[in-house]
$ cat entry33.pdb   # PDB, C-alpha atoms and all ligand atoms
ATOM      1  CA  MET V1233     -17.130   1.909 -28.588
ATOM      2  CA  THR V1234     -18.519  -0.010 -25.662
ATOM      3  CA  GLN V1235     -15.993  -0.679 -22.944
ATOM      4  CA  SER V1236     -15.475  -4.411 -22.505
ATOM      5  CA  GLU V1237     -15.674  -5.696 -18.967
ATOM      6  CA  LEU V1238     -12.305  -6.503 -17.359
ATOM      7  CA  SER V1239     -13.896  -9.750 -16.183
ATOM      8  CA  ALA V1240     -13.345 -10.966 -19.750
ATOM      9  CA  LEU V1241      -9.631 -11.087 -18.886
ATOM     10  CA  THR V1242      -7.963 -14.004 -17.083
ATOM     11  CA  LEU V1243      -7.699 -13.218 -13.365
ATOM     12  CA  HIS V1244      -4.288 -13.928 -11.781
ATOM     13  CA  ALA V1245      -4.907 -12.553  -8.272
ATOM     14  CA  ARG V1246      -7.621 -10.520  -6.569
ATOM     15  CA  GLY V1247      -7.242  -8.221  -3.597
ATOM     16  CA  LYS V1248      -9.715  -6.039  -1.722
ATOM     17  CA  VAL V1249      -9.145  -3.044  -3.972
ATOM     18  CA  ARG V1250      -6.683  -4.158  -6.673
ATOM     19  CA  ASP V1251      -6.637  -6.998  -9.164
ATOM     20  CA  ILE V1252      -4.045  -8.674 -11.380
ATOM     21  CA  TYR V1253      -4.835 -10.218 -14.749
ATOM     22  CA  ALA V1254      -2.719 -12.539 -16.903
ATOM     23  CA  VAL V1255      -1.770 -10.987 -20.268
ATOM     24  CA  GLY V1256       0.453 -13.338 -22.247
ATOM     25  CA  ASP V1257       3.680 -13.872 -20.293
ATOM     26  CA  ASP V1258       3.114 -10.642 -18.350
ATOM     27  CA  LEU V1259       0.557  -9.367 -15.856
ATOM     28  CA  LEU V1260      -1.793  -6.403 -15.777
ATOM     29  CA  PHE V1261      -2.041  -4.709 -12.382
ATOM     30  CA  VAL V1262      -5.269  -2.718 -11.983
ATOM     31  CA  ALA V1263      -6.207  -0.476  -9.045
ATOM     32  CA  SER V1264      -9.944   0.032  -8.509
ATOM     33  CA  ASP V1265     -11.722   2.966  -6.853
ATOM     34  CA  ARG V1266     -12.910   0.695  -4.064
ATOM     35  CA  ILE V1267     -12.098   1.709  -0.492
ATOM     36  CA  SER V1268     -11.841  -0.481   2.577
ATOM     37  CA  ALA V1269     -12.465   0.660   6.141
ATOM     38  CA  PHE V1270     -12.383  -1.344   9.370
ATOM     39  CA  ASP V1271     -11.521  -4.422   7.217
ATOM     40  CA  HIS V1272     -14.657  -4.076   5.102
ATOM     41  CA  ILE V1273     -14.926  -3.049   1.440
ATOM     42  CA  LEU V1274     -17.448  -0.197   1.311
ATOM     43  CA  PRO V1275     -20.217  -0.187  -1.327
ATOM     44  CA  THR V1276     -19.356   3.395  -2.358
ATOM     45  CA  GLU V1277     -16.325   3.996  -4.561
ATOM     46  CA  ILE V1278     -13.985   7.002  -4.366
ATOM     47  CA  PRO V1279     -13.593   8.310  -7.960
ATOM     48  CA  ASP V1280      -9.934   8.323  -9.141
ATOM     49  CA  LYS V1281      -8.614   6.606  -5.973
ATOM     50  CA  GLY V1282      -7.175   3.840  -8.161
ATOM     51  CA  LYS V1283      -5.455   6.427 -10.362
ATOM     52  CA  VAL V1284      -3.891   8.090  -7.319
ATOM     53  CA  LEU V1285      -2.548   4.811  -5.931
ATOM     54  CA  THR V1286      -1.234   3.672  -9.320
ATOM     55  CA  GLN V1287       0.467   6.967 -10.133
ATOM     56  CA  LEU V1288       1.862   7.186  -6.583
ATOM     57  CA  SER V1289       3.380   3.691  -6.965
ATOM     58  CA  LEU V1290       4.877   4.762 -10.301
ATOM     59  CA  PHE V1291       6.349   7.863  -8.630
ATOM     60  CA  TRP V1292       7.972   5.750  -5.900
ATOM     61  CA  PHE V1293       9.257   3.150  -8.395
ATOM     62  CA  ASP V1294      11.045   5.969 -10.208
ATOM     63  CA  PHE V1295      12.201   7.586  -6.923
ATOM     64  CA  LEU V1296      13.779   4.237  -5.980
ATOM     65  CA  ARG V1297      15.101   3.322  -9.428
ATOM     66  CA  ASP V1298      18.756   3.394  -8.268
ATOM     67  CA  VAL V1299      17.980   1.341  -5.140
ATOM     68  CA  VAL V1300      15.862  -1.577  -6.352
ATOM     69  CA  SER V1301      14.542  -3.042  -9.608
ATOM     70  CA  ASN V1302      10.787  -3.049 -10.058
ATOM     71  CA  HIS V1303       8.262  -5.110 -11.992
ATOM     72  CA  VAL V1304       6.863  -2.351 -14.210
ATOM     73  CA  ILE V1305       7.075  -2.762 -17.980
ATOM     74  CA  THR V1306       4.907   0.226 -18.841
ATOM     75  CA  ALA V1307       1.926   2.188 -17.554
ATOM     76  CA  ARG V1308       1.115   3.769 -20.953
ATOM     77  CA  VAL V1309      -1.986   2.017 -22.295
ATOM     78  CA  GLU V1310      -0.843   2.870 -25.842
ATOM     79  CA  GLN V1311       2.061   0.466 -25.257
ATOM     80  CA  TYR V1312      -0.136  -2.352 -23.918
ATOM     81  CA  PRO V1313      -0.683  -5.507 -26.028
ATOM     82  CA  GLU V1314      -3.315  -5.325 -28.761
ATOM     83  CA  SER V1315      -5.526  -7.682 -26.727
ATOM     84  CA  LEU V1316      -6.094  -4.853 -24.211
ATOM     85  CA  ARG V1317      -7.108  -2.220 -26.770
ATOM     86  CA  ASP V1318     -10.818  -2.506 -25.932
ATOM     87  CA  PHE V1319     -10.079  -1.828 -22.244
ATOM     88  CA  ALA V1320      -7.916   1.272 -22.720
ATOM     89  CA  GLY V1321     -10.507   3.683 -21.337
ATOM     90  CA  GLN V1322     -10.911   1.695 -18.103
ATOM     91  CA  LEU V1323      -7.159   1.139 -17.708
ATOM     92  CA  ARG V1324      -5.695   4.575 -18.422
ATOM     93  CA  GLY V1325      -3.986   6.003 -15.342
ATOM     94  CA  ARG V1326      -4.973   3.156 -13.020
ATOM     95  CA  SER V1327      -3.019   0.187 -14.383
ATOM     96  CA  MET V1328       0.473  -1.102 -15.034
ATOM     97  CA  LEU V1329       1.732  -3.856 -17.335
ATOM     98  CA  VAL V1330       4.206  -5.717 -15.126
ATOM     99  CA  ARG V1331       6.708  -8.572 -15.352
ATOM    100  CA  ARG V1332       5.554 -11.869 -13.909
ATOM    101  CA  ALA V1333       7.728 -12.401 -10.800
ATOM    102  CA  ASN V1334       8.300 -15.414  -8.596
ATOM    103  CA  MET V1335       6.834 -13.826  -5.474
ATOM    104  CA  PHE V1336       8.397 -14.354  -2.057
ATOM    105  CA  PRO V1337       5.773 -15.766   0.347
ATOM    106  CA  VAL V1338       6.486 -13.077   2.939
ATOM    107  CA  GLU V1339       5.188  -9.549   3.369
ATOM    108  CA  CYS V1340       8.103  -7.234   4.091
ATOM    109  CA  VAL V1341       6.972  -4.647   6.620
ATOM    110  CA  ALA V1342       9.002  -1.688   7.855
ATOM    111  CA  ARG V1343       7.860   0.194  10.946
ATOM    112  CA  GLY V1344       9.141   3.593  11.999
ATOM    113  CA  TYR V1345       6.403   4.149  14.585
ATOM    114  CA  LEU V1346       4.534   1.947  17.040
ATOM    115  CA  SER V1347       1.022   1.344  15.721
ATOM    116  CA  GLY V1348      -1.552  -1.311  14.797
ATOM    117  CA  SER V1349      -0.474  -4.927  15.325
ATOM    118  CA  GLY V1350       2.977  -3.692  16.321
ATOM    119  CA  TRP V1351       1.560  -1.661  19.212
ATOM    120  CA  LYS V1352      -0.566  -4.622  20.377
ATOM    121  CA  GLU V1353       2.411  -6.991  20.261
ATOM    122  CA  TYR V1354       4.626  -4.434  22.076
ATOM    123  CA  GLN V1355       2.062  -4.023  24.856
ATOM    124  CA  ARG V1356       1.947  -7.795  25.297
ATOM    125  CA  ALA V1357       5.606  -8.707  24.921
ATOM    126  CA  GLN V1358       7.649  -5.458  24.745
ATOM    127  CA  SER V1359       8.843  -6.822  21.383
ATOM    128  CA  ILE V1360       7.673  -7.175  17.784
ATOM    129  CA  CYS V1361       8.567 -10.233  15.687
ATOM    130  CA  GLY V1362      10.982 -11.176  18.446
ATOM    131  CA  ILE V1363      12.735  -7.789  18.261
ATOM    132  CA  ARG V1364      13.139  -6.479  21.828
ATOM    133  CA  LEU V1365      12.143  -2.826  22.186
ATOM    134  CA  PRO V1366      12.857  -0.313  24.970
ATOM    135  CA  ALA V1367      10.327  -0.004  27.794
ATOM    136  CA  GLY V1368       8.103   3.036  27.967
ATOM    137  CA  LEU V1369       7.372   3.530  24.284
ATOM    138  CA  ARG V1370       4.027   5.204  23.612
ATOM    139  CA  GLU V1371       1.309   4.338  21.085
ATOM    140  CA  SER V1372       2.207   5.983  17.762
ATOM    141  CA  GLY V1373       5.606   6.826  19.259
ATOM    142  CA  ARG V1374       8.589   6.967  16.907
ATOM    143  CA  LEU V1375      10.871   3.944  17.256
ATOM    144  CA  PRO V1376      14.556   4.527  18.045
ATOM    145  CA  GLU V1377      15.175   3.274  14.499
ATOM    146  CA  PRO V1378      12.926   1.615  11.895
ATOM    147  CA  ILE V1379      12.434  -2.140  12.366
ATOM    148  CA  PHE V1380      11.758  -4.978   9.922
ATOM    149  CA  THR V1381       8.685  -7.038  10.909
ATOM    150  CA  PRO V1382       7.925  -9.715   8.314
ATOM    151  CA  ALA V1383       4.509 -11.281   8.090
ATOM    152  CA  THR V1384       2.671 -14.070   6.359
ATOM    153  CA  LYS V1385      -0.910 -13.927   5.122
ATOM    154  CA  SER V1386      -3.549 -15.895   6.966
ATOM    155  CA  THR V1387      -6.705 -17.162   5.259
ATOM    156  CA  THR V1388      -8.656 -14.460   7.112
ATOM    157  CA  GLY V1389      -6.591 -11.858   5.290
ATOM    158  CA  HIS V1390      -4.969 -10.610   8.493
ATOM    159  CA  ASP V1391      -1.168 -10.607   8.497
ATOM    160  CA  ILE V1392       0.644 -12.821  10.996
ATOM    161  CA  ASN V1393       3.887 -11.284  12.272
ATOM    162  CA  ILE V1394       6.719 -13.836  12.178
ATOM    163  CA  PRO V1395      10.223 -13.806  13.675
ATOM    164  CA  PHE V1396      13.105 -13.293  11.248
ATOM    165  CA  GLY V1397      14.177 -16.912  11.805
ATOM    166  CA  GLU V1398      10.842 -18.101  10.402
ATOM    167  CA  MET V1399      11.363 -15.907   7.332
ATOM    168  CA  VAL V1400      14.824 -17.481   6.876
ATOM    169  CA  ARG V1401      13.141 -20.889   6.927
ATOM    170  CA  LEU V1402      10.655 -19.721   4.281
ATOM    171  CA  VAL V1403      12.955 -17.951   1.806
ATOM    172  CA  GLY V1404      16.530 -18.837   2.821
ATOM    173  CA  ARG V1405      19.026 -16.749   4.788
ATOM    174  CA  ASP V1406      20.544 -14.888   1.838
ATOM    175  CA  SER V1407      17.177 -13.721   0.469
ATOM    176  CA  ALA V1408      15.841 -12.959   3.962
ATOM    177  CA  GLU V1409      18.792 -10.717   4.744
ATOM    178  CA  LYS V1410      18.639  -8.978   1.355
ATOM    179  CA  LEU V1411      14.868  -8.392   1.653
ATOM    180  CA  ARG V1412      15.260  -7.071   5.200
ATOM    181  CA  ASP V1413      18.057  -4.656   4.236
ATOM    182  CA  LEU V1414      16.202  -3.467   1.121
ATOM    183  CA  THR V1415      12.937  -2.994   3.048
ATOM    184  CA  LEU V1416      14.595  -0.836   5.708
ATOM    185  CA  ARG V1417      16.604   1.191   3.175
ATOM    186  CA  ILE V1418      13.594   1.877   0.933
ATOM    187  CA  TYR V1419      11.425   2.791   3.932
ATOM    188  CA  SER V1420      14.019   5.207   5.324
ATOM    189  CA  LEU V1421      14.470   6.989   1.988
ATOM    190  CA  ALA V1422      10.712   7.235   1.363
ATOM    191  CA  ALA V1423       9.819   8.196   4.939
ATOM    192  CA  GLU V1424      12.342  11.044   4.878
ATOM    193  CA  HIS V1425      11.013  12.291   1.518
ATOM    194  CA  ALA V1426       7.436  12.145   2.791
ATOM    195  CA  ARG V1427       8.238  13.739   6.188
ATOM    196  CA  ASN V1428       9.869  16.673   4.416
ATOM    197  CA  ARG V1429       6.533  17.130   2.630
ATOM    198  CA  GLY V1430       4.269  16.902   5.666
ATOM    199  CA  ILE V1431       3.323  13.229   5.642
ATOM    200  CA  ILE V1432       4.476  10.659   8.197
ATOM    201  CA  ILE V1433       4.708   7.147   6.746
ATOM    202  CA  ALA V1434       4.383   5.256  10.031
ATOM    203  CA  ASP V1435       4.793   1.828   8.482
ATOM    204  CA  THR V1436       4.566   0.191   5.082
ATOM    205  CA  LYS V1437       4.309  -3.231   3.471
ATOM    206  CA  PHE V1438       6.343  -4.313   0.444
ATOM    207  CA  GLU V1439       5.902  -7.390  -1.748
ATOM    208  CA  PHE V1440       9.018  -8.572  -3.532
ATOM    209  CA  GLY V1441       9.491 -11.167  -6.222
ATOM    210  CA  SER V1442      12.311 -12.583  -8.265
ATOM    211  CA  VAL V1443      12.602 -11.729 -11.981
ATOM    212  CA  ASP V1444      15.504 -13.356 -13.875
ATOM    213  CA  CYS V1445      17.004 -14.213 -10.446
ATOM    214  CA  ASN V1446      16.963 -10.549  -9.386
ATOM    215  CA  ILE V1447      15.059  -9.275  -6.365
ATOM    216  CA  THR V1448      12.299  -7.044  -7.753
ATOM    217  CA  LEU V1449       9.933  -4.674  -5.970
ATOM    218  CA  ALA V1450       6.362  -5.573  -6.962
ATOM    219  CA  ASP V1451       2.735  -4.861  -6.050
ATOM    220  CA  GLU V1452       1.754  -1.299  -5.068
ATOM    221  CA  VAL V1453       4.403   0.692  -3.216
ATOM    222  CA  LEU V1454       4.188   3.260  -0.417
ATOM    223  CA  THR V1455       0.534   4.062  -0.991
ATOM    224  CA  PRO V1456      -2.036   4.940   1.691
ATOM    225  CA  ASP V1457      -3.438   1.416   1.199
ATOM    226  CA  SER V1458      -0.095  -0.358   1.755
ATOM    227  CA  SER V1459       1.080   2.067   4.447
ATOM    228  CA  ARG V1460      -0.108   4.165   7.369
ATOM    229  CA  PHE V1461      -0.072   7.822   6.274
ATOM    230  CA  TRP V1462      -0.420  10.382   9.077
ATOM    231  CA  PRO V1463      -0.555  14.162   8.579
ATOM    232  CA  ALA V1464       2.611  15.449  10.249
ATOM    233  CA  GLU V1465       0.880  18.636  11.444
ATOM    234  CA  SER V1466      -1.487  16.720  13.745
ATOM    235  CA  TYR V1467       1.019  14.096  14.943
ATOM    236  CA  ARG V1468       0.763  13.580  18.735
ATOM    237  CA  PRO V1469       2.318  10.404  20.198
ATOM    238  CA  GLY V1470       0.443   8.773  23.068
ATOM    239  CA  GLY V1471      -2.626   7.575  21.195
ATOM    240  CA  ALA V1472      -4.155   6.718  17.824
ATOM    241  CA  GLN V1473      -3.402   9.162  15.015
ATOM    242  CA  LEU V1474      -5.637  10.705  12.393
ATOM    243  CA  SER V1475      -5.432   8.894   9.055
ATOM    244  CA  TYR V1476      -4.257  11.157   6.234
ATOM    245  CA  ASP V1477      -6.675   9.616   3.744
ATOM    246  CA  LYS V1478      -9.381   7.671   5.544
ATOM    247  CA  GLN V1479     -10.268   9.930   8.485
ATOM    248  CA  PHE V1480     -13.408  11.430   6.904
ATOM    249  CA  VAL V1481     -14.660   7.877   6.173
ATOM    250  CA  ARG V1482     -13.806   6.583   9.651
ATOM    251  CA  ASP V1483     -15.433   9.554  11.392
ATOM    252  CA  TYR V1484     -18.591   9.163   9.292
ATOM    253  CA  LEU V1485     -18.853   5.431  10.015
ATOM    254  CA  GLU V1486     -18.349   6.117  13.746
ATOM    255  CA  SER V1487     -20.929   8.944  13.621
ATOM    256  CA  ILE V1488     -23.658   6.600  12.360
ATOM    257  CA  HIS V1489     -22.673   4.018  15.004
ATOM    258  CA  TRP V1490     -22.041   1.277  12.410
ATOM    259  CA  ASP V1491     -21.483  -1.979  14.318
ATOM    260  CA  LYS V1492     -18.624  -2.938  11.894
ATOM    261  CA  ASN V1493     -20.639  -5.912  10.646
ATOM    262  CA  PRO V1494     -21.610  -6.371   6.984
ATOM    263  CA  PRO V1495     -23.179  -4.940   4.978
ATOM    264  CA  ALA V1496     -21.008  -1.825   5.232
ATOM    265  CA  PRO V1497     -22.956   1.429   4.870
ATOM    266  CA  ALA V1498     -22.822   3.616   1.767
ATOM    267  CA  LEU V1499     -20.989   6.964   2.014
ATOM    268  CA  PRO V1500     -22.657  10.370   1.538
ATOM    269  CA  GLU V1501     -21.505  12.441  -1.447
ATOM    270  CA  GLU V1502     -19.726  14.977   0.775
ATOM    271  CA  ILE V1503     -17.571  12.270   2.390
ATOM    272  CA  VAL V1504     -16.757  10.854  -1.060
ATOM    273  CA  HIS V1505     -15.773  14.299  -2.336
ATOM    274  CA  LYS V1506     -13.562  15.187   0.644
ATOM    275  CA  THR V1507     -11.892  11.770   0.577
ATOM    276  CA  ARG V1508     -11.184  12.059  -3.142
ATOM    277  CA  GLU V1509      -9.599  15.458  -2.526
ATOM    278  CA  LYS V1510      -7.331  13.972   0.167
ATOM    279  CA  TYR V1511      -6.078  11.275  -2.202
ATOM    280  CA  ILE V1512      -5.356  13.810  -4.928
ATOM    281  CA  GLN V1513      -3.657  16.074  -2.356
ATOM    282  CA  ALA V1514      -1.470  13.182  -1.155
ATOM    283  CA  PHE V1515      -0.275  12.548  -4.705
ATOM    284  CA  ARG V1516       0.467  16.239  -5.302
ATOM    285  CA  GLN V1517       2.183  16.641  -1.907
ATOM    286  CA  LEU V1518       4.477  13.612  -2.363
ATOM    287  CA  SER V1519       5.206  13.688  -6.113
ATOM    288  CA  GLY V1520       5.090  17.442  -6.750
ATOM    289  CA  LYS V1521       3.013  16.583  -9.836
ATOM    290  CA  GLU V1522      -0.645  16.813 -10.778
ATOM    291  CA  LEU V1523      -2.587  13.573 -11.149
ATOM    292  CA  GLU V1524      -3.235  12.419 -14.730
ATOM    293  CA  ILE V1525      -7.032  12.006 -14.641
TER     294      ILE V1525
HETATM  295  C1  LIG U1601       1.467 -10.849  -7.391
HETATM  296  N1  LIG U1601       0.323 -10.250  -5.641
HETATM  297  C2  LIG U1601      -0.228  -9.420  -4.541
HETATM  298  C3  LIG U1601      -1.613  -9.037  -4.974
HETATM  299  C4  LIG U1601      -3.968  -9.447  -5.106
HETATM  300  C5  LIG U1601      -1.738  -7.882  -5.718
HETATM  301  C6  LIG U1601       0.574 -11.852  -7.064
HETATM  302  N2  LIG U1601       4.635  -8.862 -10.665
HETATM  303  C7  LIG U1601       4.004  -9.928 -10.080
HETATM  304  C8  LIG U1601       3.064  -9.741  -9.040
HETATM  305  C9  LIG U1601       2.760  -8.425  -8.569
HETATM  306  N3  LIG U1601       2.494  -7.347  -8.186
HETATM  307  C10 LIG U1601       2.451 -10.902  -8.488
HETATM  308  N4  LIG U1601       2.755 -12.130  -8.981
HETATM  309  C11 LIG U1601       3.659 -12.245  -9.955
HETATM  310  N5  LIG U1601       4.291 -11.183 -10.507
HETATM  311  C12 LIG U1601       1.302  -9.846  -6.476
HETATM  312  C13 LIG U1601      -0.155 -10.087  -3.248
HETATM  313  C14 LIG U1601      -2.692  -9.840  -4.670
HETATM  314  C15 LIG U1601      -4.124  -8.282  -5.845
HETATM  315  C16 LIG U1601      -3.008  -7.503  -6.166
HETATM  316  N6  LIG U1601      -0.150 -11.440  -5.980
END
$ encode --input "entry33.pdb" --output "structure tokens"
Amino acid sequence: MTQSELSALTLHARGKVRDIYAVGDDLLFVASDRISAFDHILPTEIPDKGKVLTQLSLFWFDFLRDVVSNHVITARVEQYPESLRDFAGQLRGRSMLVRRANMFPVECVARGYLSGSGWKEYQRAQSICGIRLPAGLRESGRLPEPIFTPATKSTTGHDINIPFGEMVRLVGRDSAEKLRDLTLRIYSLAAEHARNRGIIIADTKFEFGSVDCNITLADEVLTPDSSRFWPAESYRPGGAQLSYDKQFVRDYLESIHWDKNPPAPALPEEIVHKTREKYIQAFRQLSGKELEI
């Protein structure tokens, strides 16, 4: 049987490496094997990357089942609607049928370490999202306690950090406080689990929605694409850290002196292979299970 193209489905939302399609009253969340580096989607895919990120999200949804509801209906293609039967081969292991949620227009970010936009803002203002921080913190340094740094999406795709008061204006005080508390609690539980297994989750971004008036964790969750994963064994505060999953790609792109302008270069087979292995290792290390390929 020929595999129908997913483009035959009705697109609901498209991201750099994941897409959502409308399926009746529900949604189909599909993770591709595309990889992004230095804000560019590379022309070379990493086989099974989408399966790792999907199955890692499913692991975390289950890990957090007593803390927060989630949007997953099922990830078993055999339980998908009949209309998706022709796509089963493309969807198995890399997709989820999810409830349609009324998404909050804020990205809920938890930071346990000082990195990325948080480090830049700290250097400029000794604060992040209006949260005053102690003097003398180092790049990649662990924060005294995790902080909640909400953001909104700009048209350029870069997140804009906003003060909590702005989030209150956007979603209301009750929801803002609940989302903040949930974000910090989920991050702390997941970061401890990961740290005990050799991975530092430096920061992470959650998307929440409302389903039947209940706050529901949506999108992908605690993956290397929605979070900064650092190998704990090489962690050294005081500078940029090695990426758990993207370091081989970054080093290769630096080694060929790519000017970071499109078109992004293709990746050699060896870099693809080693990167695929890192994704599969991350899943095994965090879930204790083997990836369903
Ligand atoms: C929804 N997104 C994010 C996104 C592009 C993901 C819409 N259960 C849901 C979800 C989810 N997940 C969404 N809407 C309604 N119900 C999530 C930002 C954007 C690709 C993938 N966009």
$ resolve_selection --input "entry33.pdb" --expression "the PyMOL selection byres (((not hetatm)) within 7 of (chain U and resi 1601))" --output "number ranges by chain"
V: 1245-1247, 1250-1252, 1259, 1261, 1303, 1330-1335, 1439, 1441, 1450-1452
$ atom_distance --input "entry33.pdb" --atom1 "CA of Asn1493 in chain V" --atom2 "CA of Ile1267 in chain V"
16.0 Å
$ closest_residue --input "entry33.pdb" --among "V:Tyr1511, V:Ala1342, V:Ile1488, V:Arg1482" --to "Asp1413 in chain V" --atoms "only C-alpha atoms"
V:Ala1342
$ resolve_selection --input "entry33.pdb" --expression "the PyMOL selection byres (((chain V and resi 1336) around 10) and not hetatm)" --output "VMD selection string"
chain V and resid 1333 to 1335 1337 to 1340 1399 1402 to 1403 1407 to 1408 1411 1439 to 1442 1447
$ closest_residue --input "entry33.pdb" --among "V:Arg1460, V:Lys1385, V:Lys1521, V:Arg1343" --to "Ile1433 in chain V" --atoms "only C-alpha atoms"
V:Arg1460
$ residues_around --input "entry33.pdb" --residues "His1390 in chain V" --least-positions-apart "3" --cutoff "12 Å" --atoms "all atoms listed in the file" --output "ChimeraX atom specification"
/V:1270-1271,1339,1348-1349,1383-1387,1393
$ closest_residue --input "entry33.pdb" --among "V:Val1453, V:Pro1500, V:Leu1518, V:Asp1391" --to "Glu1424 in chain V" --atoms "all atoms listed in the file"
V:Leu1518
$ resolve_selection --input "entry33.pdb" --expression "the PyMOL selection byres (((chain V and resi 1237) around 12) and not hetatm)" --output "NGL selection string"
:V and (1234-1236 or 1238-1242 or 1316 or 1318-1323)
$ write_last_selection --input "entry33.pdb" --atoms "C-alpha atoms" --output "compact mmCIF listing (two decimals), in the coordinates of the input"
# COMPACT_ATOMS: atom_id res chain seq x y z
CA THR V 1234 -18.52 -0.01 -25.66
CA GLN V 1235 -15.99 -0.68 -22.94
CA SER V 1236 -15.48 -4.41 -22.50
CA LEU V 1238 -12.30 -6.50 -17.36
CA SER V 1239 -13.90 -9.75 -16.18
CA ALA V 1240 -13.34 -10.97 -19.75
CA LEU V 1241 -9.63 -11.09 -18.89
CA THR V 1242 -7.96 -14.00 -17.08
CA LEU V 1316 -6.09 -4.85 -24.21
CA ASP V 1318 -10.82 -2.51 -25.93
CA PHE V 1319 -10.08 -1.83 -22.24
CA ALA V 1320 -7.92 1.27 -22.72
CA GLY V 1321 -10.51 3.68 -21.34
CA GLN V 1322 -10.91 1.70 -18.10
CA LEU V 1323 -7.16 1.14 -17.71
$ closest_residue --input "entry33.pdb" --among "V:Glu1486, V:Glu1377, V:Asp1435, V:Glu1398" --to "Phe1461 in chain V" --atoms "all atoms listed in the file"
V:Asp1435
$ residues_around --input "entry33.pdb" --residues "range 1356-1362 of chain V" --least-positions-apart "5" --cutoff "8 Å" --atoms "only C-alpha atoms" --output "list in words"
Gly1350, Ala1367, Thr1381, Pro1382, Asn1393, Ile1394, Pro1395 and Phe1396 of chain V
